[in-house]
Every structure is written in structure tokens, then in C-alpha cells.
$ cat coords02.cif   # mmCIF, C-alpha atoms and all ligand atoms
data_upload
loop_
_atom_site.label_atom_id
_atom_site.label_comp_id
_atom_site.auth_asym_id
_atom_site.auth_seq_id
_atom_site.Cartn_x
_atom_site.Cartn_y
_atom_site.Cartn_z
CA MET A 1 -16.60 -54.24 40.87
CA ARG A 2 -16.61 -56.38 37.73
CA SER A 3 -15.33 -54.65 34.64
CA THR A 4 -17.49 -54.09 31.56
CA ASN A 5 -15.06 -56.29 29.62
CA GLN A 6 -15.78 -59.23 31.90
CA LYS A 7 -19.50 -58.83 31.43
CA VAL A 8 -19.47 -58.66 27.62
CA SER A 9 -18.41 -62.30 27.41
CA GLU A 10 -21.99 -62.98 28.59
CA GLY A 11 -23.53 -61.18 25.59
CA SER A 12 -23.33 -57.86 23.79
CA ILE A 13 -24.68 -54.58 24.98
CA LEU A 14 -27.78 -53.45 23.10
CA ILE A 15 -28.63 -49.75 23.04
CA VAL A 16 -32.22 -49.20 21.96
CA GLY A 17 -32.24 -45.66 20.53
CA ALA A 18 -28.60 -45.27 19.56
CA ASP A 19 -29.25 -42.13 17.47
CA GLY A 20 -30.42 -40.17 20.51
CA THR A 21 -28.41 -37.81 22.67
CA ILE A 22 -27.79 -40.25 25.51
CA GLY A 23 -27.81 -43.52 23.54
CA GLY A 24 -25.45 -42.06 20.92
CA ALA A 25 -22.97 -40.72 23.48
CA LEU A 26 -22.93 -44.02 25.36
CA LYS A 27 -22.44 -46.06 22.17
CA THR A 28 -19.51 -43.85 21.19
CA LYS A 29 -17.89 -44.33 24.63
CA LEU A 30 -18.38 -48.12 24.65
CA GLU A 31 -17.00 -48.48 21.11
CA ARG A 32 -14.01 -46.33 22.07
CA ASP A 33 -13.45 -48.68 25.03
CA GLY A 34 -13.53 -51.68 22.68
CA ILE A 35 -16.77 -53.10 24.06
CA PRO A 36 -19.08 -54.93 21.62
CA VAL A 37 -22.24 -52.87 21.25
CA VAL A 38 -25.23 -52.99 18.94
CA GLY A 39 -27.54 -50.00 18.60
CA THR A 40 -31.01 -49.66 17.16
CA THR A 41 -32.11 -47.03 14.68
CA ARG A 42 -35.50 -46.17 13.21
CA ARG A 43 -33.88 -44.51 10.18
CA PRO A 44 -34.28 -46.90 7.23
CA GLY A 45 -31.25 -47.32 5.02
CA THR A 46 -28.70 -46.56 7.76
CA GLU A 47 -28.42 -50.09 9.14
CA SER A 48 -25.08 -51.89 9.49
CA ARG A 49 -23.69 -54.78 11.54
CA SER A 50 -23.79 -52.62 14.68
CA ARG A 51 -26.99 -50.69 13.77
CA VAL A 52 -30.20 -52.66 13.52
CA PHE A 53 -33.63 -51.38 12.60
CA LEU A 54 -36.29 -51.04 15.30
CA ASP A 55 -39.31 -48.74 15.27
CA LEU A 56 -41.29 -48.63 18.50
CA ALA A 57 -44.20 -47.15 16.55
CA GLY A 58 -44.45 -50.42 14.58
CA ASN A 59 -45.04 -53.98 15.72
CA VAL A 60 -42.14 -55.02 17.98
CA ASP A 61 -43.66 -58.37 18.86
CA GLY A 62 -41.16 -60.98 17.71
CA TRP A 63 -38.30 -58.49 17.23
CA LYS A 64 -34.98 -60.21 17.79
CA CYS A 65 -31.51 -58.73 18.14
CA PRO A 66 -29.18 -60.50 15.69
CA VAL A 67 -26.61 -61.15 18.46
CA PRO A 68 -27.08 -62.52 22.00
CA VAL A 69 -27.72 -59.61 24.39
CA GLY A 70 -26.23 -59.45 27.90
CA VAL A 71 -27.56 -56.02 28.84
CA ALA A 72 -30.14 -53.91 26.99
CA LEU A 73 -30.41 -50.20 27.63
CA ILE A 74 -33.68 -48.63 26.48
CA CYS A 75 -33.10 -44.97 25.55
CA ALA A 76 -35.58 -44.68 22.67
CA GLY A 77 -38.92 -42.98 22.78
CA VAL A 78 -40.73 -39.70 22.58
CA ALA A 79 -39.05 -37.64 25.29
CA ARG A 80 -40.75 -34.27 24.86
CA ILE A 81 -43.44 -33.37 27.39
CA ALA A 82 -45.42 -31.37 24.82
CA ASP A 83 -45.41 -34.23 22.26
CA CYS A 84 -46.74 -36.71 24.83
CA GLU A 85 -49.42 -34.24 25.90
CA ARG A 86 -50.51 -33.52 22.30
CA ALA A 87 -50.50 -37.13 21.06
CA SER A 88 -51.05 -39.19 24.19
CA ALA A 89 -52.48 -42.31 22.51
CA GLU A 90 -49.83 -42.46 19.80
CA THR A 91 -46.89 -41.76 22.14
CA ARG A 92 -48.28 -44.23 24.70
CA ARG A 93 -48.16 -46.99 22.06
CA ALA A 94 -44.41 -46.45 21.57
CA ASN A 95 -43.37 -45.24 25.03
CA VAL A 96 -45.41 -47.74 27.05
CA GLU A 97 -46.86 -50.64 25.06
CA ALA A 98 -43.99 -51.31 22.64
CA THR A 99 -41.34 -50.51 25.25
CA VAL A 100 -42.80 -52.96 27.78
CA CYS A 101 -43.27 -55.63 25.09
CA LEU A 102 -39.65 -55.24 23.99
CA ALA A 103 -38.32 -55.17 27.57
CA ARG A 104 -40.21 -58.37 28.43
CA SER A 105 -38.96 -60.21 25.38
CA LEU A 106 -35.35 -59.10 26.01
CA ALA A 107 -35.61 -60.16 29.67
CA ALA A 108 -37.12 -63.51 28.64
CA SER A 109 -34.13 -64.13 26.40
CA GLY A 110 -31.79 -63.57 29.38
CA ALA A 111 -30.87 -59.89 29.02
CA HIS A 112 -30.65 -57.52 31.97
CA VAL A 113 -32.88 -54.59 30.96
CA VAL A 114 -32.05 -51.00 31.91
CA MET A 115 -34.61 -48.30 31.14
CA LEU A 116 -34.18 -44.53 31.26
CA SER A 117 -36.82 -42.64 33.20
CA THR A 118 -37.25 -39.16 34.62
CA ASN A 119 -37.89 -36.99 37.68
CA GLN A 120 -41.26 -36.31 35.97
CA VAL A 121 -42.60 -39.49 37.59
CA PHE A 122 -43.00 -37.13 40.60
CA ASP A 123 -45.23 -34.06 40.88
CA GLY A 124 -42.35 -31.74 41.82
CA SER A 125 -43.90 -30.68 45.13
CA ARG A 126 -40.90 -31.85 47.17
CA PRO A 127 -37.14 -31.78 46.65
CA ARG A 128 -34.74 -34.76 46.69
CA ARG A 129 -37.27 -37.50 46.09
CA GLN A 130 -36.28 -40.91 47.40
CA VAL A 131 -36.20 -44.00 45.18
CA ASP A 132 -39.07 -45.56 47.12
CA ASP A 133 -41.35 -42.49 47.26
CA PRO A 134 -44.67 -43.32 45.56
CA VAL A 135 -44.81 -41.93 42.02
CA SER A 136 -47.14 -38.97 41.42
CA PRO A 137 -46.84 -37.84 37.78
CA VAL A 138 -48.74 -34.78 36.59
CA THR A 139 -47.74 -34.84 32.92
CA GLU A 140 -48.57 -37.47 30.29
CA TYR A 141 -44.83 -38.00 29.75
CA GLY A 142 -44.40 -38.65 33.49
CA ARG A 143 -47.42 -40.98 33.58
CA GLN A 144 -46.05 -43.02 30.67
CA LYS A 145 -42.63 -43.34 32.32
CA ALA A 146 -44.17 -44.25 35.69
CA GLU A 147 -46.22 -46.97 34.04
CA VAL A 148 -43.20 -48.53 32.32
CA GLU A 149 -41.20 -48.34 35.56
CA GLY A 150 -43.94 -50.23 37.38
CA GLN A 151 -44.23 -52.91 34.69
CA LEU A 152 -40.49 -53.40 34.43
CA LEU A 153 -39.80 -53.56 38.17
CA SER A 154 -42.68 -55.93 38.84
CA GLY A 155 -41.23 -58.51 36.42
CA THR A 156 -39.59 -61.65 37.68
CA THR A 157 -36.14 -60.86 36.25
CA PRO A 158 -33.90 -58.20 37.83
CA SER A 159 -33.93 -54.96 35.89
CA THR A 160 -32.89 -51.35 36.38
CA VAL A 161 -34.67 -48.01 36.10
CA VAL A 162 -32.43 -44.95 35.84
CA ARG A 163 -34.27 -41.74 36.70
CA LEU A 164 -32.61 -38.68 35.20
CA THR A 165 -33.19 -34.99 35.77
CA LYS A 166 -32.12 -32.55 33.02
CA VAL A 167 -29.19 -33.89 31.02
CA LEU A 168 -26.97 -31.17 29.56
CA PRO A 169 -24.89 -32.09 26.49
CA PRO A 170 -21.98 -29.96 25.27
CA ARG A 171 -23.19 -27.11 23.03
CA PHE A 172 -26.66 -27.20 24.65
CA PRO A 173 -28.70 -25.31 22.00
CA LEU A 174 -30.53 -22.97 24.43
CA PHE A 175 -27.26 -21.83 25.97
CA GLY A 176 -25.81 -21.44 22.47
CA ASP A 177 -28.68 -19.11 21.59
CA TRP A 178 -28.11 -17.10 24.78
CA ILE A 179 -24.38 -16.80 24.04
CA LYS A 180 -25.08 -15.66 20.47
CA ASP A 181 -27.57 -13.00 21.62
CA LEU A 182 -25.54 -11.77 24.61
CA SER A 183 -22.44 -11.49 22.43
CA CYS A 184 -24.41 -9.24 20.03
CA HIS A 185 -25.88 -7.16 22.94
CA VAL A 186 -29.34 -8.61 22.34
CA ALA A 187 -31.55 -9.19 25.42
CA ILE A 188 -32.49 -12.75 26.44
CA HIS A 189 -35.62 -13.82 28.36
CA PRO A 190 -34.95 -16.94 30.45
CA PHE A 191 -37.70 -18.37 32.64
CA LEU A 192 -37.64 -17.22 36.26
CA ASP A 193 -40.11 -19.89 37.41
CA LEU A 194 -38.77 -22.99 35.65
CA VAL A 195 -36.12 -24.98 37.51
CA MET A 196 -33.64 -27.70 36.65
CA SER A 197 -31.07 -29.70 38.61
CA PRO A 198 -28.90 -30.69 35.69
CA ALA A 199 -26.25 -33.36 35.30
CA SER A 200 -23.83 -33.32 32.40
CA LEU A 201 -24.17 -35.82 29.56
CA ALA A 202 -20.61 -37.01 30.28
CA PHE A 203 -21.55 -37.81 33.88
CA VAL A 204 -24.72 -39.66 32.84
CA VAL A 205 -22.71 -41.71 30.33
CA GLU A 206 -20.24 -42.61 33.09
CA VAL A 207 -23.09 -43.72 35.35
CA LEU A 208 -24.62 -45.86 32.60
CA ALA A 209 -21.29 -47.46 31.70
CA ARG A 210 -20.83 -48.49 35.35
CA LEU A 211 -24.39 -49.74 35.61
CA LEU A 212 -24.01 -51.87 32.51
CA ALA A 213 -20.89 -53.41 34.04
CA GLN A 214 -22.36 -53.99 37.49
CA ARG A 215 -25.96 -54.69 36.51
CA THR A 216 -27.17 -52.92 39.64
CA ALA A 217 -30.89 -53.67 39.91
CA GLY A 218 -33.77 -51.46 41.04
CA ILE A 219 -34.04 -47.67 40.81
CA ILE A 220 -30.96 -45.49 40.43
CA GLN A 221 -31.41 -41.69 40.43
CA VAL A 222 -29.10 -39.16 38.78
CA SER A 223 -29.59 -35.50 39.71
CA GLY A 224 -27.74 -32.27 40.23
CA ASP A 225 -27.24 -31.18 43.82
CA ARG A 226 -29.87 -28.39 43.77
CA ASP A 227 -32.51 -26.70 41.67
CA VAL A 228 -31.59 -23.53 39.79
CA THR A 229 -33.92 -21.48 37.64
CA TYR A 230 -33.23 -20.94 33.95
CA ALA A 231 -32.83 -17.26 34.91
CA ASP A 232 -30.10 -18.22 37.41
CA ALA A 233 -28.40 -20.20 34.66
CA ALA A 234 -28.65 -17.27 32.23
CA HIS A 235 -27.10 -14.88 34.77
CA TYR A 236 -24.30 -17.40 35.26
CA VAL A 237 -23.72 -17.67 31.49
CA ALA A 238 -23.71 -13.86 31.19
CA ARG A 239 -21.10 -13.59 33.96
CA ARG A 240 -18.92 -16.25 32.29
CA LEU A 241 -19.13 -14.27 29.04
CA GLY A 242 -18.52 -10.92 30.71
CA ALA A 243 -21.80 -9.75 29.11
CA ASP A 244 -23.94 -6.86 30.34
CA PRO A 245 -26.16 -8.35 33.13
CA GLN A 246 -28.99 -5.98 32.10
CA LEU A 247 -29.38 -8.07 28.95
CA VAL A 248 -30.75 -10.94 31.07
CA GLN A 249 -34.46 -10.10 31.35
CA PRO A 250 -36.28 -13.02 33.00
CA ARG A 251 -39.91 -13.89 32.22
CA SER A 252 -42.50 -16.26 33.61
CA CYS A 253 -42.86 -19.57 31.79
CA VAL A 254 -46.56 -19.66 32.71
CA ASP A 255 -47.07 -16.24 31.08
CA SER A 256 -45.24 -17.64 28.03
CA GLY A 257 -47.81 -20.43 27.64
CA LEU A 258 -46.11 -23.37 29.37
CA PRO A 259 -48.67 -25.40 31.35
CA GLU A 260 -48.09 -25.22 35.13
CA SER A 261 -47.79 -29.03 35.24
CA ALA A 262 -44.66 -28.75 33.07
CA ALA A 263 -43.01 -26.39 35.57
CA PRO A 264 -42.47 -28.36 38.79
CA ARG A 265 -41.24 -26.45 41.86
CA HIS A 266 -38.55 -29.08 42.50
CA THR A 267 -36.75 -31.51 40.22
CA THR A 268 -33.97 -32.87 42.48
CA LEU A 269 -33.70 -36.58 43.26
CA ASP A 270 -31.91 -38.36 46.08
CA THR A 271 -28.64 -39.79 44.73
CA ARG A 272 -27.52 -41.95 47.68
CA ARG A 273 -27.44 -45.22 45.69
CA LEU A 274 -25.30 -43.54 43.06
CA ARG A 275 -22.71 -42.70 45.68
CA ASP A 276 -22.95 -45.85 47.83
CA GLU A 277 -23.25 -48.50 45.12
CA LEU A 278 -21.60 -46.96 42.06
CA GLY A 279 -19.03 -44.78 43.83
CA LEU A 280 -20.12 -41.69 41.88
CA ASN A 281 -21.11 -38.23 43.13
CA PRO A 282 -22.73 -35.85 40.64
CA PRO A 283 -20.68 -32.68 40.11
CA ASP A 284 -22.47 -29.50 41.25
CA VAL A 285 -24.94 -27.91 38.86
CA TRP A 286 -22.60 -25.06 37.88
CA SER A 287 -19.99 -27.56 36.69
CA ALA A 288 -22.70 -29.30 34.68
CA ILE A 289 -23.67 -25.95 33.13
CA ASP A 290 -20.00 -25.27 32.35
CA THR A 291 -19.79 -28.51 30.33
CA ALA A 292 -22.83 -27.43 28.32
CA LEU A 293 -21.06 -24.22 27.31
CA LEU A 294 -18.13 -26.10 25.80
CA PRO A 295 -17.76 -25.46 22.08
N1 LIG A 301 -32.19 -35.70 27.88
C1 LIG A 301 -32.74 -35.48 29.05
O1 LIG A 301 -32.60 -34.37 29.64
C2 LIG A 301 -33.53 -36.57 29.73
C3 LIG A 301 -33.97 -36.35 31.04
C4 LIG A 301 -34.71 -37.34 31.67
C5 LIG A 301 -34.98 -38.52 31.01
N2 LIG A 301 -34.56 -38.71 29.74
C6 LIG A 301 -34.92 -39.97 29.06
O2 LIG A 301 -33.76 -40.55 28.50
C7 LIG A 301 -34.10 -41.18 27.28
C8 LIG A 301 -33.16 -40.69 26.18
O3 LIG A 301 -33.24 -39.28 26.13
P1 LIG A 301 -32.48 -38.46 25.00
O4 LIG A 301 -32.30 -37.09 25.53
O5 LIG A 301 -31.29 -39.21 24.49
O6 LIG A 301 -33.62 -38.43 23.91
P2 LIG A 301 -33.50 -38.13 22.36
O7 LIG A 301 -32.23 -37.45 22.02
O8 LIG A 301 -34.79 -37.50 21.97
O9 LIG A 301 -33.42 -39.58 21.75
C9 LIG A 301 -34.55 -40.41 21.67
C10 LIG A 301 -34.27 -41.44 20.62
O10 LIG A 301 -35.45 -42.23 20.52
C11 LIG A 301 -35.67 -42.48 19.14
N3 LIG A 301 -37.08 -42.72 18.91
C12 LIG A 301 -38.12 -41.85 19.03
N4 LIG A 301 -39.26 -42.46 18.67
C13 LIG A 301 -38.92 -43.73 18.33
C14 LIG A 301 -39.63 -44.84 17.84
N5 LIG A 301 -40.95 -44.79 17.62
N6 LIG A 301 -38.96 -46.00 17.58
C15 LIG A 301 -37.64 -46.07 17.79
N7 LIG A 301 -36.88 -45.06 18.23
C16 LIG A 301 -37.53 -43.90 18.48
C17 LIG A 301 -35.21 -41.24 18.41
O11 LIG A 301 -34.92 -41.57 17.08
P3 LIG A 301 -34.50 -40.45 16.00
O12 LIG A 301 -33.12 -39.99 16.43
O13 LIG A 301 -34.48 -41.17 14.71
O14 LIG A 301 -35.53 -39.36 16.09
C18 LIG A 301 -33.98 -40.84 19.23
O15 LIG A 301 -32.83 -41.42 18.70
C19 LIG A 301 -35.57 -40.90 27.01
O16 LIG A 301 -36.32 -42.00 27.44
C20 LIG A 301 -35.86 -39.71 27.90
O17 LIG A 301 -37.20 -39.73 28.32
C21 LIG A 301 -33.83 -37.76 29.09
#
$ encode --input "coords02.cif" --output "C-alpha cells"
Amino acid sequence: MRSTNQKVSEGSILIVGADGTIGGALKTKLERDGIPVVGTTRRPGTESRSRVFLDLAGNVDGWKCPVPVGVALICAGVARIADCERASAETRRANVEATVCLARSLAASGAHVVMLSTNQVFDGSRPRRQVDDPVSPVTEYGRQKAEVEGQLLSGTTPSTVVRLTKVLPPRFPLFGDWIKDLSCHVAIHPFLDLVMSPASLAFVVEVLARLLAQRTAGIIQVSGDRDVTYADAAHYVARRLGADPQLVQPRSCVDSGLPESAAPRHTTLDTRRLRDELGLNPPDVWSAIDTALLP
């Protein structure tokens, strides 16, 4: 495998959306490893040599990175299912139209484009979806991602789509709330019919760093090894805390107002390419949950 250092001589790494959870963590890792990286921000007044302004809600036609780009990773966009559902036209302009326009222009200037996608490109009716299963989104967020995937992969230059399931950062806010309540003997109400197959943020960053170095093309999927409900996760957290298990009082997400389309029965993805081509196996879901409990 070629090292990231060898590849950077062919251009810098551009992270589109460097203020986000994933983009920010990856930028920090690359900078720590001494790799030249430029990130984009949509927060005016915070620009610097390694932070350039880019707003996908504006006109991105003609946008140019100030340095030559070897690999561009697109992490920016509206990533909340509810936001895409509520403002489909507006989010589509940023998540689809501007993203595709930017990806095409970066590819035309010689960059290898990597885009982050989601298990939501599938309807959740079957576990461990394969990379070549036909997409079947049932949410607006999933439809937007599926459309960008299609546009990117049908281009003439090699590019990469990374489908992610739930990504758990350290101090995951929901778990923090559970810990606070359980520690004060207050009941919590996790969903018993909402599943996740999480991977830790650290693992996802490792995958992306390897991908940027290798420029593996096509679809790469990152997923935990199984689906667990949020109620399962809450029971696990309560056990780790030594809290009273009676305080975990699961509820239905549908009864709580979440649309059924946002609660797929399965979220797992097949991760064979991850193992065979990147030499990485996702840790089991409980280890991923452990990392999200770290202070
Ligand atoms: N996290 C997950 O569990 C997960 C799972 C599957 C897929 N993904 C995908 O991975 C990608 C990154 O996810 P994330 O968790 O890092 O998301 P995030 O924390 O919400 O970060 C998204 C970033 O996009 C930026 N952004 C939003 N609208 C923008 C616009 N109009 N122009 C420019 N930038 C804009 C945000 O800027 P501000 O910081 O200024 O708001 C933010 O920095 C997304 O495409 C998401 O769909 C994430």
C-alpha cells in the first residue's frame, strides 16, 4: 500500500466540510500526521491558509481551491433526516446540485473525489446490504445521497463513495444525557424499535485516512457487525454504570412521532471490501459504544 505521504506530493488533501464531526476529526488526524490538508468552512470570518470559504447553499460554479488538490473528501451537507424531509428543495440544492457541481469540477481538475454516503440509500428491509445491491431509499435524505452516488460513480474519472452507518463520536450527546439521568436515578426512555449498527468515529477516520492514501475507487461500506436497538444500547450503558436497570424504560419511536421511514428494520452493510482491500475489520458494536462513552 502506498503511504499518504507519497500521495500528497501529487496535490493536497481537500476536506469539504472541515467543521463537521467527521471532516473535523479527519483534518485533525491528517495535520497531526504532518499531511498537507485544506478544509472548507461556511463560517465567514474564520478563514485561514488551511480554511477556505465554501457554502454549498450559494453558487459553487467556478469555485477553486487555492492549492492543487490530489484527493477531495466531501463531508459537507445537511445530514439530518428531518431537515431534508422538511426542506427538500432547499437541502437538495446543497446536498445534490451543488455537491455534484463541485465534485465534477474537482474531478475535472484532476482530483480523486471521495463522497460520504449512508445506509439510508437502502430501505432497511434486509441486513448486510451488498455494495452492488440496487439502491431503494425511503427518506428524502437517502434519495439525495443515492442521487449523488449515481452521478459521481457514472462519471468518467474514478471516484469513491463511502457508505456509513451510525458514526459514534466520543461523548455522544444522547449517551451523555442517559449517563446524567441514570446517575441521578432518573428514568430514561430509549427507543425499542430503532436500530443502529454503529462504528466509532476513530474507526471511520482510520478508514478514510487509508482510502485517501490508496484512492480505492467504487463503493466502500463501513458498518458495525450487527444491529442493536437504542434500548439494547441503553441497557448496556446502565450495566457499565452499575445503574438500576429499572430506570431503562424503552418506548416506541413510532409512538414518539418518528416517521416509520426513518426507522429501518436493518441498517447493517456488507464490509467485505473494507477487510479485503483496506485490511480493516470494524470492531464489534459494543466496542464502538464504549468509545462513545469516553469522557
Ligand atoms: N455522522 C453519522 O452518523 C453519519 C452517518 C452516515 C453518513 N454520514 C454522512 O457523513 C457526512 C458528514 O457527517 P457529519 O456527521 O460529520 O455531519 P455534520 O457534523 O453535520 O457536519 C456537516 C458539515 O457540513 C457543513 N455544511 C452544512 N451545510 C452546508 C452548506 N450549505 N455549505 C457548506 N457546508 C455545509 C456543516 O457546517 P457547519 O459546521 O458550519 O454547520 C458541517 O460542518 C454527511 O454527508 C453525512 O450525511 C454521517
$ residues_near_ligand --input "coords02.cif" --ligand "ligand LIG 301 (chain A)" --cutoff "7 Å" --atoms "only C-alpha atoms and all ligand atoms" --output "ChimeraX atom specification"
/A:17-23,41-43,54-57,75-79,94,116-119,163-168
$ closest_residue --input "coords02.cif" --among "A:Val285, A:Leu212, A:Ala89, A:Val60" --to "Val162 of chain A" --atoms "only C-alpha atoms"
A:Leu212
$ closest_residue --input "coords02.cif" --among "A:His235, A:Lys27, A:Arg32, A:Arg143" --to "Arg51 of chain A" --atoms "only C-alpha atoms"
A:Lys27
$ axis_aligned_box --input "coords02.cif" --around "segment 244-259 of chain A" --padding-each-side "4 Å" --output "JSON"
{"center_x": -36.3, "center_y": -15.7, "center_z": 30.6, "size_x": 32.7, "size_y": 27.4, "size_z": 14.0}
$ atom_distance --input "coords02.cif" --atom1 "atom CA of Ala209 of chain A" --atom2 "atom CA of Ile35 of chain A"
10.5 Å
$ closest_residue --input "coords02.cif" --among "A:Arg215, A:Leu174, A:Arg265, A:Tyr141" --to "Leu192 of chain A" --atoms "only C-alpha atoms"
A:Arg265
$ atom_distance --input "coords02.cif" --atom1 "atom CA of Pro264 of chain A" --atom2 "atom CA of Val131 of chain A"
18.0 Å
$ closest_residue --input "coords02.cif" --among "A:Asp276, A:Glu90, A:Glu10, A:Asp33" --to "Val71 of chain A" --atoms "all atoms listed in the file"
A:Glu10
$ closest_residue --input "coords02.cif" --among "A:Asp244, A:Gly142, A:Val135, A:Ser183" --to "Ser88 of chain A" --atoms "all atoms listed in the file"
A:Gly142
$ atom_distance --input "coords02.cif" --atom1 "atom CA of Gln214 of chain A" --atom2 "atom CA of Leu153 of chain A"
17.5 Å
$ closest_residue --input "coords02.cif" --among "A:Leu194, A:Ala217, A:Ile179, A:Ala199" --to "Leu247 of chain A" --atoms "only C-alpha atoms"
A:Ile179
$ residues_around --input "coords02.cif" --residues "Arg128 of chain A" --least-positions-apart "2" --cutoff "10 Å" --atoms "only C-alpha atoms" --output "PDB file with C-alpha atoms, in the frame of the given file"
ATOM      1  CA  ASN A 119     -37.890 -36.990  37.680  1.00  0.00           C
ATOM      2  CA  GLY A 124     -42.350 -31.740  41.820  1.00  0.00           C
ATOM      3  CA  ARG A 126     -40.900 -31.850  47.170  1.00  0.00           C
ATOM      4  CA  GLN A 130     -36.280 -40.910  47.400  1.00  0.00           C
ATOM      5  CA  VAL A 131     -36.200 -44.000  45.180  1.00  0.00           C
ATOM      6  CA  GLN A 221     -31.410 -41.690  40.430  1.00  0.00           C
ATOM      7  CA  SER A 223     -29.590 -35.500  39.710  1.00  0.00           C
ATOM      8  CA  GLY A 224     -27.740 -32.270  40.230  1.00  0.00           C
ATOM      9  CA  ASP A 225     -27.240 -31.180  43.820  1.00  0.00           C
ATOM     10  CA  ARG A 226     -29.870 -28.390  43.770  1.00  0.00           C
ATOM     11  CA  ASP A 227     -32.510 -26.700  41.670  1.00  0.00           C
ATOM     12  CA  HIS A 266     -38.550 -29.080  42.500  1.00  0.00           C
ATOM     13  CA  THR A 267     -36.750 -31.510  40.220  1.00  0.00           C
ATOM     14  CA  THR A 268     -33.970 -32.870  42.480  1.00  0.00           C
ATOM     15  CA  LEU A 269     -33.700 -36.580  43.260  1.00  0.00           C
ATOM     16  CA  ASP A 270     -31.910 -38.360  46.080  1.00  0.00           C
ATOM     17  CA  THR A 271     -28.640 -39.790  44.730  1.00  0.00           C
TER      18      THR A 271
END
$ residues_around --input "coords02.cif" --residues "segment 185-189 of chain A" --least-positions-apart "5" --cutoff "6 Å" --atoms "all atoms listed in the file" --output "MDAnalysis selection string"
chainID A and resid 247:251
$ build_atoms --input "coords02.cif" --residues "segment 277-284 of chain A" --atoms "all heavy atoms" --output "PDB file, keeping the file's coordinate frame"
ATOM      1  N   GLU A 277     -23.390 -47.241  45.870  1.00  0.00           N
ATOM      2  CA  GLU A 277     -23.250 -48.500  45.120  1.00  0.00           C
ATOM      3  C   GLU A 277     -22.451 -48.357  43.839  1.00  0.00           C
ATOM      4  O   GLU A 277     -21.913 -49.327  43.337  1.00  0.00           O
ATOM      5  CB  GLU A 277     -24.638 -49.068  44.813  1.00  0.00           C
ATOM      6  CG  GLU A 277     -25.357 -49.456  46.098  1.00  0.00           C
ATOM      7  CD  GLU A 277     -26.773 -49.946  45.860  1.00  0.00           C
ATOM      8  OE1 GLU A 277     -26.955 -50.811  44.991  1.00  0.00           O
ATOM      9  OE2 GLU A 277     -27.687 -49.446  46.535  1.00  0.00           O
ATOM     10  N   LEU A 278     -22.382 -47.140  43.291  1.00  0.00           N
ATOM     11  CA  LEU A 278     -21.600 -46.960  42.060  1.00  0.00           C
ATOM     12  C   LEU A 278     -20.351 -46.122  42.298  1.00  0.00           C
ATOM     13  O   LEU A 278     -19.527 -45.957  41.398  1.00  0.00           O
ATOM     14  CB  LEU A 278     -22.457 -46.322  40.963  1.00  0.00           C
ATOM     15  CG  LEU A 278     -23.645 -47.143  40.464  1.00  0.00           C
ATOM     16  CD1 LEU A 278     -24.442 -46.367  39.453  1.00  0.00           C
ATOM     17  CD2 LEU A 278     -23.192 -48.455  39.859  1.00  0.00           C
ATOM     18  N   GLY A 279     -20.222 -45.572  43.507  1.00  0.00           N
ATOM     19  CA  GLY A 279     -19.030 -44.780  43.830  1.00  0.00           C
ATOM     20  C   GLY A 279     -18.952 -43.483  43.046  1.00  0.00           C
ATOM     21  O   GLY A 279     -17.859 -42.990  42.755  1.00  0.00           O
ATOM     22  N   LEU A 280     -20.118 -42.917  42.689  1.00  0.00           N
ATOM     23  CA  LEU A 280     -20.120 -41.690  41.880  1.00  0.00           C
ATOM     24  C   LEU A 280     -20.935 -40.594  42.563  1.00  0.00           C
ATOM     25  O   LEU A 280     -22.048 -40.847  43.023  1.00  0.00           O
ATOM     26  CB  LEU A 280     -20.741 -41.972  40.509  1.00  0.00           C
ATOM     27  CG  LEU A 280     -19.913 -42.836  39.563  1.00  0.00           C
ATOM     28  CD1 LEU A 280     -20.760 -43.267  38.371  1.00  0.00           C
ATOM     29  CD2 LEU A 280     -18.684 -42.083  39.084  1.00  0.00           C
ATOM     30  N   ASN A 281     -20.391 -39.396  42.605  1.00  0.00           N
ATOM     31  CA  ASN A 281     -21.110 -38.230  43.130  1.00  0.00           C
ATOM     32  C   ASN A 281     -21.317 -37.250  41.994  1.00  0.00           C
ATOM     33  O   ASN A 281     -20.350 -36.857  41.336  1.00  0.00           O
ATOM     34  CB  ASN A 281     -20.273 -37.532  44.202  1.00  0.00           C
ATOM     35  CG  ASN A 281     -20.687 -37.954  45.586  1.00  0.00           C
ATOM     36  OD1 ASN A 281     -21.864 -38.211  45.842  1.00  0.00           O
ATOM     37  ND2 ASN A 281     -19.719 -38.042  46.484  1.00  0.00           N
ATOM     38  N   PRO A 282     -22.549 -36.804  41.746  1.00  0.00           N
ATOM     39  CA  PRO A 282     -22.730 -35.850  40.640  1.00  0.00           C
ATOM     40  C   PRO A 282     -21.984 -34.554  40.934  1.00  0.00           C
ATOM     41  O   PRO A 282     -22.033 -34.070  42.061  1.00  0.00           O
ATOM     42  CB  PRO A 282     -24.239 -35.594  40.633  1.00  0.00           C
ATOM     43  CG  PRO A 282     -24.847 -36.604  41.527  1.00  0.00           C
ATOM     44  CD  PRO A 282     -23.803 -37.111  42.450  1.00  0.00           C
ATOM     45  N   PRO A 283     -21.296 -33.997  39.926  1.00  0.00           N
ATOM     46  CA  PRO A 283     -20.680 -32.680  40.110  1.00  0.00           C
ATOM     47  C   PRO A 283     -21.782 -31.644  40.369  1.00  0.00           C
ATOM     48  O   PRO A 283     -22.944 -31.878  40.034  1.00  0.00           O
ATOM     49  CB  PRO A 283     -20.014 -32.415  38.767  1.00  0.00           C
ATOM     50  CG  PRO A 283     -19.979 -33.718  38.056  1.00  0.00           C
ATOM     51  CD  PRO A 283     -21.089 -34.538  38.590  1.00  0.00           C
ATOM     52  N   ASP A 284     -21.429 -30.492  40.969  1.00  0.00           N
ATOM     53  CA  ASP A 284     -22.470 -29.500  41.250  1.00  0.00           C
ATOM     54  C   ASP A 284     -23.052 -28.958  39.938  1.00  0.00           C
ATOM     55  O   ASP A 284     -22.466 -29.127  38.859  1.00  0.00           O
ATOM     56  CB  ASP A 284     -21.931 -28.374  42.151  1.00  0.00           C
ATOM     57  CG  ASP A 284     -20.918 -27.524  41.438  1.00  0.00           C
ATOM     58  OD1 ASP A 284     -21.312 -26.765  40.538  1.00  0.00           O
ATOM     59  OD2 ASP A 284     -19.720 -27.632  41.760  1.00  0.00           O
TER      60      ASP A 284
END
